[in-house]
>>> print(open('entry14.pdb').read())   # PDB, C-alpha atoms
MODEL        1
ATOM      1  CA  MET Y  14     -15.934  -3.060 -32.313
ATOM      2  CA  PRO Y  15     -16.130  -1.925 -28.658
ATOM      3  CA  LEU Y  16     -13.154  -2.537 -26.404
ATOM      4  CA  ARG Y  17     -15.271  -4.361 -23.853
ATOM      5  CA  SER Y  18     -18.817  -5.524 -23.177
ATOM      6  CA  ASP Y  19     -21.232  -3.430 -21.131
ATOM      7  CA  TRP Y  20     -22.710  -5.548 -18.369
ATOM      8  CA  SER Y  21     -24.056  -2.619 -16.344
ATOM      9  CA  GLU Y  22     -27.701  -3.456 -17.093
ATOM     10  CA  ARG Y  23     -27.499  -7.192 -16.405
ATOM     11  CA  THR Y  24     -29.866  -8.665 -13.846
ATOM     12  CA  CYS Y  25     -26.986 -10.500 -12.139
ATOM     13  CA  SER Y  26     -25.217  -8.566  -9.357
ATOM     14  CA  LEU Y  27     -21.954 -10.382 -10.072
ATOM     15  CA  ALA Y  28     -22.091  -9.338 -13.735
ATOM     16  CA  ARG Y  29     -22.795  -5.694 -12.820
ATOM     17  CA  GLY Y  30     -19.936  -5.696 -10.304
ATOM     18  CA  LEU Y  31     -17.561  -7.283 -12.795
ATOM     19  CA  ASP Y  32     -18.497  -4.563 -15.269
ATOM     20  CA  ILE Y  33     -16.485  -2.205 -13.068
ATOM     21  CA  LEU Y  34     -14.154  -4.339 -10.946
ATOM     22  CA  GLY Y  35     -13.522  -7.178 -13.413
ATOM     23  CA  ASP Y  36     -11.211  -5.251 -15.713
ATOM     24  CA  PRO Y  37      -7.574  -6.112 -14.841
ATOM     25  CA  TRP Y  38      -6.249  -2.634 -15.708
ATOM     26  CA  GLY Y  39      -9.013  -0.988 -13.686
ATOM     27  CA  SER Y  40      -8.246  -3.129 -10.634
ATOM     28  CA  LEU Y  41      -4.517  -2.423 -10.975
ATOM     29  CA  VAL Y  42      -5.251   1.303 -11.182
ATOM     30  CA  LEU Y  43      -7.275   0.985  -7.972
ATOM     31  CA  ARG Y  44      -4.334  -0.858  -6.390
ATOM     32  CA  GLU Y  45      -2.063   2.063  -7.241
ATOM     33  CA  VAL Y  46      -4.469   4.607  -5.793
ATOM     34  CA  PHE Y  47      -4.828   2.511  -2.613
ATOM     35  CA  PHE Y  48      -1.022   2.620  -2.415
ATOM     36  CA  GLY Y  49      -1.297   6.437  -2.556
ATOM     37  CA  ASN Y  50      -0.042   6.621  -6.131
ATOM     38  CA  GLY Y  51      -2.745   8.752  -7.765
ATOM     39  CA  ARG Y  52      -0.887  10.860 -10.321
ATOM     40  CA  PHE Y  53      -1.248   9.918 -13.975
ATOM     41  CA  ASP Y  54       2.461   9.742 -14.828
ATOM     42  CA  ALA Y  55       3.272   7.774 -11.671
ATOM     43  CA  ILE Y  56       0.496   5.245 -12.345
ATOM     44  CA  LYS Y  57       1.574   4.979 -15.985
ATOM     45  CA  THR Y  58       5.168   4.281 -14.989
ATOM     46  CA  ARG Y  59       4.322   1.801 -12.228
ATOM     47  CA  LEU Y  60       1.892  -0.187 -14.388
ATOM     48  CA  ASP Y  61       3.849   0.157 -17.642
ATOM     49  CA  ILE Y  62       0.541   0.949 -19.328
ATOM     50  CA  ALA Y  63      -0.117   2.935 -22.490
ATOM     51  CA  ALA Y  64      -1.364   6.476 -21.839
ATOM     52  CA  ASN Y  65      -4.561   5.970 -23.836
ATOM     53  CA  VAL Y  66      -5.404   2.751 -21.954
ATOM     54  CA  LEU Y  67      -4.742   4.408 -18.586
ATOM     55  CA  SER Y  68      -6.751   7.471 -19.536
ATOM     56  CA  LYS Y  69      -9.713   5.292 -20.521
ATOM     57  CA  ARG Y  70      -9.536   3.237 -17.289
ATOM     58  CA  LEU Y  71      -9.272   6.346 -15.120
ATOM     59  CA  GLY Y  72     -12.282   7.808 -16.943
ATOM     60  CA  TRP Y  73     -14.306   4.644 -16.281
ATOM     61  CA  LEU Y  74     -13.369   4.601 -12.604
ATOM     62  CA  VAL Y  75     -14.277   8.280 -12.197
ATOM     63  CA  GLU Y  76     -17.543   7.805 -14.107
ATOM     64  CA  ALA Y  77     -18.362   4.756 -11.959
ATOM     65  CA  GLY Y  78     -17.753   6.851  -8.828
ATOM     66  CA  LEU Y  79     -14.786   4.861  -7.456
ATOM     67  CA  LEU Y  80     -12.269   7.645  -8.020
ATOM     68  CA  ALA Y  81     -12.448  11.433  -7.978
ATOM     69  CA  GLN Y  82     -10.075  14.015  -9.317
ATOM     70  CA  ARG Y  83      -8.366  16.478  -7.009
ATOM     71  CA  PRO Y  84      -6.295  19.400  -8.320
ATOM     72  CA  TYR Y  85      -2.648  19.847  -7.369
ATOM     73  CA  LEU Y  86       0.014  22.304  -8.466
ATOM     74  CA  ASP Y  87       2.870  21.014 -10.601
ATOM     75  CA  GLY Y  88       5.071  24.093 -10.752
ATOM     76  CA  ALA Y  89       2.853  26.796 -12.202
ATOM     77  CA  ARG Y  90       0.484  24.288 -13.803
ATOM     78  CA  THR Y  91      -2.610  22.812 -12.128
ATOM     79  CA  ARG Y  92      -3.020  19.093 -12.732
ATOM     80  CA  GLN Y  93      -5.417  16.462 -11.451
ATOM     81  CA  GLU Y  94      -4.592  13.512  -9.255
ATOM     82  CA  TYR Y  95      -6.905  10.606  -8.621
ATOM     83  CA  VAL Y  96      -8.160   9.780  -5.136
ATOM     84  CA  LEU Y  97     -10.526   7.180  -3.771
ATOM     85  CA  THR Y  98     -14.143   7.976  -3.090
ATOM     86  CA  PRO Y  99     -16.055   6.170  -0.329
ATOM     87  CA  LYS Y 100     -17.437   3.894  -3.076
ATOM     88  CA  GLY Y 101     -13.889   3.165  -4.245
ATOM     89  CA  GLU Y 102     -12.736   2.553  -0.697
ATOM     90  CA  ASP Y 103     -15.537  -0.029  -0.381
ATOM     91  CA  ALA Y 104     -13.816  -2.043  -3.157
ATOM     92  CA  LEU Y 105     -11.011  -2.942  -0.725
ATOM     93  CA  PRO Y 106     -12.410  -6.359   0.291
ATOM     94  CA  VAL Y 107     -12.655  -7.326  -3.386
ATOM     95  CA  LEU Y 108      -9.008  -6.454  -4.000
ATOM     96  CA  ASN Y 109      -8.002  -8.134  -0.728
ATOM     97  CA  ALA Y 110      -9.856 -11.287  -1.832
ATOM     98  CA  ILE Y 111      -7.994 -11.365  -5.143
ATOM     99  CA  ILE Y 112      -4.655 -10.912  -3.349
ATOM    100  CA  LEU Y 113      -5.424 -13.669  -0.839
ATOM    101  CA  TRP Y 114      -6.733 -16.066  -3.498
ATOM    102  CA  SER Y 115      -3.666 -15.471  -5.664
ATOM    103  CA  GLU Y 116      -1.281 -16.031  -2.752
ATOM    104  CA  LYS Y 117      -3.073 -19.276  -1.893
ATOM    105  CA  HIS Y 118      -3.511 -20.752  -5.376
ATOM    106  CA  LEU Y 119      -0.962 -19.259  -7.787
ATOM    107  CA  ASP Y 120       2.776 -19.752  -7.872
ATOM    108  CA  ALA Y 121       4.798 -16.564  -7.557
ATOM    109  CA  PRO Y 122       7.364 -16.005 -10.321
ATOM    110  CA  ALA Y 123       9.997 -14.911  -7.764
ATOM    111  CA  ASP Y 124      10.613 -15.054  -4.018
ATOM    112  CA  ASN Y 125       9.803 -11.357  -3.637
ATOM    113  CA  ALA Y 126       6.607 -11.512  -5.744
ATOM    114  CA  HIS Y 127       4.273 -11.803  -2.780
ATOM    115  CA  MET Y 128       1.752  -9.466  -1.242
ATOM    116  CA  ARG Y 129       0.202  -9.718   2.201
ATOM    117  CA  VAL Y 130      -2.872  -8.066   3.669
ATOM    118  CA  ILE Y 131      -1.972  -6.788   7.141
ATOM    119  CA  HIS Y 132      -4.378  -5.616   9.843
ATOM    120  CA  ASN Y 133      -2.653  -2.642  11.483
ATOM    121  CA  GLY Y 134      -4.478  -3.160  14.788
ATOM    122  CA  CYS Y 135      -2.794  -6.465  15.597
ATOM    123  CA  GLY Y 136       0.019  -6.188  13.046
ATOM    124  CA  LEU Y 137      -0.591  -9.639  11.601
ATOM    125  CA  PRO Y 138      -1.300 -10.828   8.073
ATOM    126  CA  THR Y 139      -4.884 -11.908   7.598
ATOM    127  CA  ALA Y 140      -6.363 -14.787   5.636
ATOM    128  CA  SER Y 141      -9.718 -13.019   5.263
ATOM    129  CA  ALA Y 142     -10.623 -10.243   2.853
ATOM    130  CA  ASP Y 143     -12.912  -8.237   5.130
ATOM    131  CA  THR Y 144     -12.190  -9.272   8.739
ATOM    132  CA  CYS Y 145      -8.863  -9.878  10.444
ATOM    133  CA  SER Y 146      -8.526 -13.636  10.827
ATOM    134  CA  HIS Y 147      -6.518 -13.135  14.051
ATOM    135  CA  CYS Y 148      -8.422 -10.547  16.094
ATOM    136  CA  GLY Y 149     -11.788 -10.383  14.290
ATOM    137  CA  SER Y 150     -11.704  -6.640  13.535
ATOM    138  CA  ARG Y 151     -13.351  -5.400  10.351
ATOM    139  CA  LEU Y 152     -10.736  -4.466   7.727
ATOM    140  CA  THR Y 153     -10.952  -0.954   6.283
ATOM    141  CA  ALA Y 154      -8.543   1.127   4.252
ATOM    142  CA  ALA Y 155      -7.816   3.115   7.418
ATOM    143  CA  ASN Y 156      -6.680   0.047   9.405
ATOM    144  CA  THR Y 157      -5.151  -2.117   6.672
ATOM    145  CA  SER Y 158      -1.730  -2.181   5.044
ATOM    146  CA  TRP Y 159      -0.498  -4.119   2.061
ATOM    147  CA  HIS Y 160       2.959  -5.591   2.170
ATOM    148  CA  SER Y 161       4.212  -5.884  -1.393
ATOM    149  CA  LEU Y 162       7.739  -7.215  -1.217
ATOM    150  CA  THR Y 163       8.528  -5.653  -4.611
ATOM    151  CA  ARG Y 164       7.668  -2.186  -3.227
ATOM    152  CA  SER Y 165       8.950  -2.096   0.316
ATOM    153  CA  GLU Y 166      10.490  -4.102   3.123
ATOM    154  CA  HIS Y 167       7.645  -2.899   5.323
ATOM    155  CA  PRO Y 168       3.848  -2.888   4.967
ATOM    156  CA  LEU Y 169       2.474   0.295   3.402
ATOM    157  CA  ALA Y 170      -0.613   1.986   4.840
ATOM    158  CA  LEU Y 171      -3.465   2.305   2.374
ATOM    159  CA  ALA Y 172      -4.932   5.555   1.139
ATOM    160  CA  THR Y 173      -8.445   6.427   2.226
ATOM    161  CA  ALA Y 174     -11.076   8.579   0.621
ATOM    162  CA  PRO Y 175     -10.541  12.264   1.392
ATOM    163  CA  SER Y 176     -13.309  14.118   3.144
ATOM    164  CA  ARG Y 177     -15.799  15.807   0.846
ATOM    165  CA  HIS Y 178     -14.393  19.281   1.570
ATOM    166  CA  ASP Y 179     -11.002  18.156   0.207
ATOM    167  CA  LEU Y 180     -12.467  17.532  -3.245
ATOM    168  CA  PRO Y 181     -13.539  20.169  -5.764
ATOM    169  CA  ASN Y 182     -17.240  20.929  -5.945
ATOM    170  CA  GLU Y 183     -18.689  18.836  -8.768
ATOM    171  CA  SER Y 184     -20.705  21.809  -9.997
ATOM    172  CA  GLU Y 185     -17.544  23.877 -10.427
ATOM    173  CA  PRO Y 186     -15.501  23.305 -13.556
ATOM    174  CA  SER Y 187     -12.150  21.691 -12.827
ATOM    175  CA  ALA Y 188      -8.933  23.082 -14.256
TER     176      ALA Y 188
ENDMDL
END
>>> encode(input="entry14.pdb", output="structure tokens")
Amino acid sequence: MPLRSDWSERTCSLARGLDILGDPWGSLVLREVFFGNGRFDAIKTRLDIAANVLSKRLGWLVEAGLLAQRPYLDGARTRQEYVLTPKGEDALPVLNAIILWSEKHLDAPADNAHMRVIHNGCGLPTASADTCSHCGSRLTAANTSWHSLTRSEHPLALATAPSRHDLPNESEPSA
């Protein structure tokens, strides 16, 4: 039996979008990469996720074009870290909407279990997923921070997609 249904060929745009962004582990992996946490072991530790589940979710997100792999040296060994692509960066309003909806409608299990979406331009938390509700600026990964009280006392700037020249050529085999 397959782990999940394939909705990629559905005629409904919501169903096709949920095929990629509707998986809780996949969205949490994206959250970690937006926080700049793109290395397998670091994601695994932060999410307390089984290696095989994480590996499968990372594979789906790379195959869907939301993440790319970028090599880095770990001592003498070359490993891969996961970074956003422009397509992945465009998922930000969806994640912002989930954060804002949760903060509005769900009780937090602890006083520090809150997360705010902050527009860096005006420095204020927003109540909108794609536009700052205070100054009207469009929210992007480059001008947005998330303030997760369980991570930091201060808002953390979000990662953005690296420029194309920072990623390995897709035609070249990766190490």
>>> closest_atom_pairs(input="entry14.pdb", of="stretch 126-165 of chain Y", to="stretch 39-58 of chain Y", cutoff="10 Å", atoms="all atoms listed in the file", output="Markdown table")
| residue | atom | partner | partner_atom | distance |
| --- | --- | --- | --- | --- |
| Y:Ala154 | CA | Y:Phe47 | CA | 7.9 |
| Y:Ser158 | CA | Y:Phe48 | CA | 8.9 |
| Y:Trp159 | CA | Y:Phe48 | CA | 8.1 |
| Y:Arg164 | CA | Y:Phe48 | CA | 10.0 |
>>> atom_distance(input="entry14.pdb", atom1="atom CA of Y:Gly78", atom2="atom CA of Y:Thr139")
28.1 Å
>>> atom_distance(input="entry14.pdb", atom1="atom CA of Y:Thr98", atom2="atom CA of Y:Gly72")
14.0 Å
>>> closest_atom_pairs(input="entry14.pdb", of="stretch 24-116 of chain Y", to="stretch 143-149 of chain Y", cutoff="9 Å", atoms="all atoms listed in the file", output="tab-separated table")
residue	atom	partner	partner_atom	distance
Y:Leu105	CA	Y:Asp143	CA	8.1
Y:Pro106	CA	Y:Asp143	CA	5.2
Y:Val107	CA	Y:Asp143	CA	8.6
Y:Asn109	CA	Y:Asp143	CA	7.6
Y:Ala110	CA	Y:Asp143	CA	8.2
>>> atom_distance(input="entry14.pdb", atom1="atom CA of Y:Ser68", atom2="atom CA of Y:Gln93")
12.2 Å
>>> resolve_selection(input="entry14.pdb", expression="the PyMOL selection byres ((chain Y and resi 74) around 12)", output="NGL selection string")
:Y and (32-36 or 38-43 or 46 or 67-73 or 75-82 or 95-98 or 100-101 or 104)
>>> write_last_selection(input="entry14.pdb", atoms="C-alpha atoms", output="CSV table (one decimal), keeping the file's coordinate frame")
chain,number,residue,atom,x,y,z
Y,32,ASP,CA,-18.5,-4.6,-15.3
Y,33,ILE,CA,-16.5,-2.2,-13.1
Y,34,LEU,CA,-14.2,-4.3,-10.9
Y,35,GLY,CA,-13.5,-7.2,-13.4
Y,36,ASP,CA,-11.2,-5.3,-15.7
Y,38,TRP,CA,-6.2,-2.6,-15.7
Y,39,GLY,CA,-9.0,-1.0,-13.7
Y,40,SER,CA,-8.2,-3.1,-10.6
Y,41,LEU,CA,-4.5,-2.4,-11.0
Y,42,VAL,CA,-5.3,1.3,-11.2
Y,43,LEU,CA,-7.3,1.0,-8.0
Y,46,VAL,CA,-4.5,4.6,-5.8
Y,67,LEU,CA,-4.7,4.4,-18.6
Y,68,SER,CA,-6.8,7.5,-19.5
Y,69,LYS,CA,-9.7,5.3,-20.5
Y,70,ARG,CA,-9.5,3.2,-17.3
Y,71,LEU,CA,-9.3,6.3,-15.1
Y,72,GLY,CA,-12.3,7.8,-16.9
Y,73,TRP,CA,-14.3,4.6,-16.3
Y,75,VAL,CA,-14.3,8.3,-12.2
Y,76,GLU,CA,-17.5,7.8,-14.1
Y,77,ALA,CA,-18.4,4.8,-12.0
Y,78,GLY,CA,-17.8,6.9,-8.8
Y,79,LEU,CA,-14.8,4.9,-7.5
Y,80,LEU,CA,-12.3,7.6,-8.0
Y,81,ALA,CA,-12.4,11.4,-8.0
Y,82,GLN,CA,-10.1,14.0,-9.3
Y,95,TYR,CA,-6.9,10.6,-8.6
Y,96,VAL,CA,-8.2,9.8,-5.1
Y,97,LEU,CA,-10.5,7.2,-3.8
Y,98,THR,CA,-14.1,8.0,-3.1
Y,100,LYS,CA,-17.4,3.9,-3.1
Y,101,GLY,CA,-13.9,3.2,-4.2
Y,104,ALA,CA,-13.8,-2.0,-3.2
>>> axis_aligned_box(input="entry14.pdb", around="stretch 73-84 of chain Y", padding_each_side="8 Å", output="JSON")
{"center_x": -12.3, "center_y": 12.0, "center_z": -11.6, "size_x": 28.1, "size_y": 30.8, "size_z": 25.3}
>>> closest_residue(input="entry14.pdb", among="Y:Ala63, Y:Ala123, Y:Ala140, Y:Asp87", to="Y:Ile111", atoms="all atoms listed in the file")
Y:Ala140
>>> resolve_selection(input="entry14.pdb", expression="the PyMOL selection byres ((chain Y and resi 131) around 12)", output="PyMOL selection string")
chain Y and resi 109+112-113+128-130+132-148+150-161+167-171
>>> write_last_selection(input="entry14.pdb", atoms="C-alpha atoms", output="short mmCIF file (atom, residue, chain, number, x, y, z; two decimals), keeping the file's coordinate frame")
data_model
loop_
_atom_site.label_atom_id
_atom_site.label_comp_id
_atom_site.auth_asym_id
_atom_site.auth_seq_id
_atom_site.Cartn_x
_atom_site.Cartn_y
_atom_site.Cartn_z
CA ASN Y 109 -8.00 -8.13 -0.73
CA ILE Y 112 -4.66 -10.91 -3.35
CA LEU Y 113 -5.42 -13.67 -0.84
CA MET Y 128 1.75 -9.47 -1.24
CA ARG Y 129 0.20 -9.72 2.20
CA VAL Y 130 -2.87 -8.07 3.67
CA HIS Y 132 -4.38 -5.62 9.84
CA ASN Y 133 -2.65 -2.64 11.48
CA GLY Y 134 -4.48 -3.16 14.79
CA CYS Y 135 -2.79 -6.46 15.60
CA GLY Y 136 0.02 -6.19 13.05
CA LEU Y 137 -0.59 -9.64 11.60
CA PRO Y 138 -1.30 -10.83 8.07
CA THR Y 139 -4.88 -11.91 7.60
CA ALA Y 140 -6.36 -14.79 5.64
CA SER Y 141 -9.72 -13.02 5.26
CA ALA Y 142 -10.62 -10.24 2.85
CA ASP Y 143 -12.91 -8.24 5.13
CA THR Y 144 -12.19 -9.27 8.74
CA CYS Y 145 -8.86 -9.88 10.44
CA SER Y 146 -8.53 -13.64 10.83
CA HIS Y 147 -6.52 -13.14 14.05
CA CYS Y 148 -8.42 -10.55 16.09
CA SER Y 150 -11.70 -6.64 13.54
CA ARG Y 151 -13.35 -5.40 10.35
CA LEU Y 152 -10.74 -4.47 7.73
CA THR Y 153 -10.95 -0.95 6.28
CA ALA Y 154 -8.54 1.13 4.25
CA ALA Y 155 -7.82 3.12 7.42
CA ASN Y 156 -6.68 0.05 9.40
CA THR Y 157 -5.15 -2.12 6.67
CA SER Y 158 -1.73 -2.18 5.04
CA TRP Y 159 -0.50 -4.12 2.06
CA HIS Y 160 2.96 -5.59 2.17
CA SER Y 161 4.21 -5.88 -1.39
CA HIS Y 167 7.64 -2.90 5.32
CA PRO Y 168 3.85 -2.89 4.97
CA LEU Y 169 2.47 0.30 3.40
CA ALA Y 170 -0.61 1.99 4.84
CA LEU Y 171 -3.46 2.31 2.37
#
>>> closest_residue(input="entry14.pdb", among="Y:Arg29, Y:Arg83, Y:Leu162, Y:His127", to="Y:Ser176", atoms="all atoms listed in the file")
Y:Arg83
>>> closest_residue(input="entry14.pdb", among="Y:Ser18, Y:Ser165, Y:Thr91, Y:Asn65", to="Y:Ala126", atoms="all atoms listed in the file")
Y:Ser165
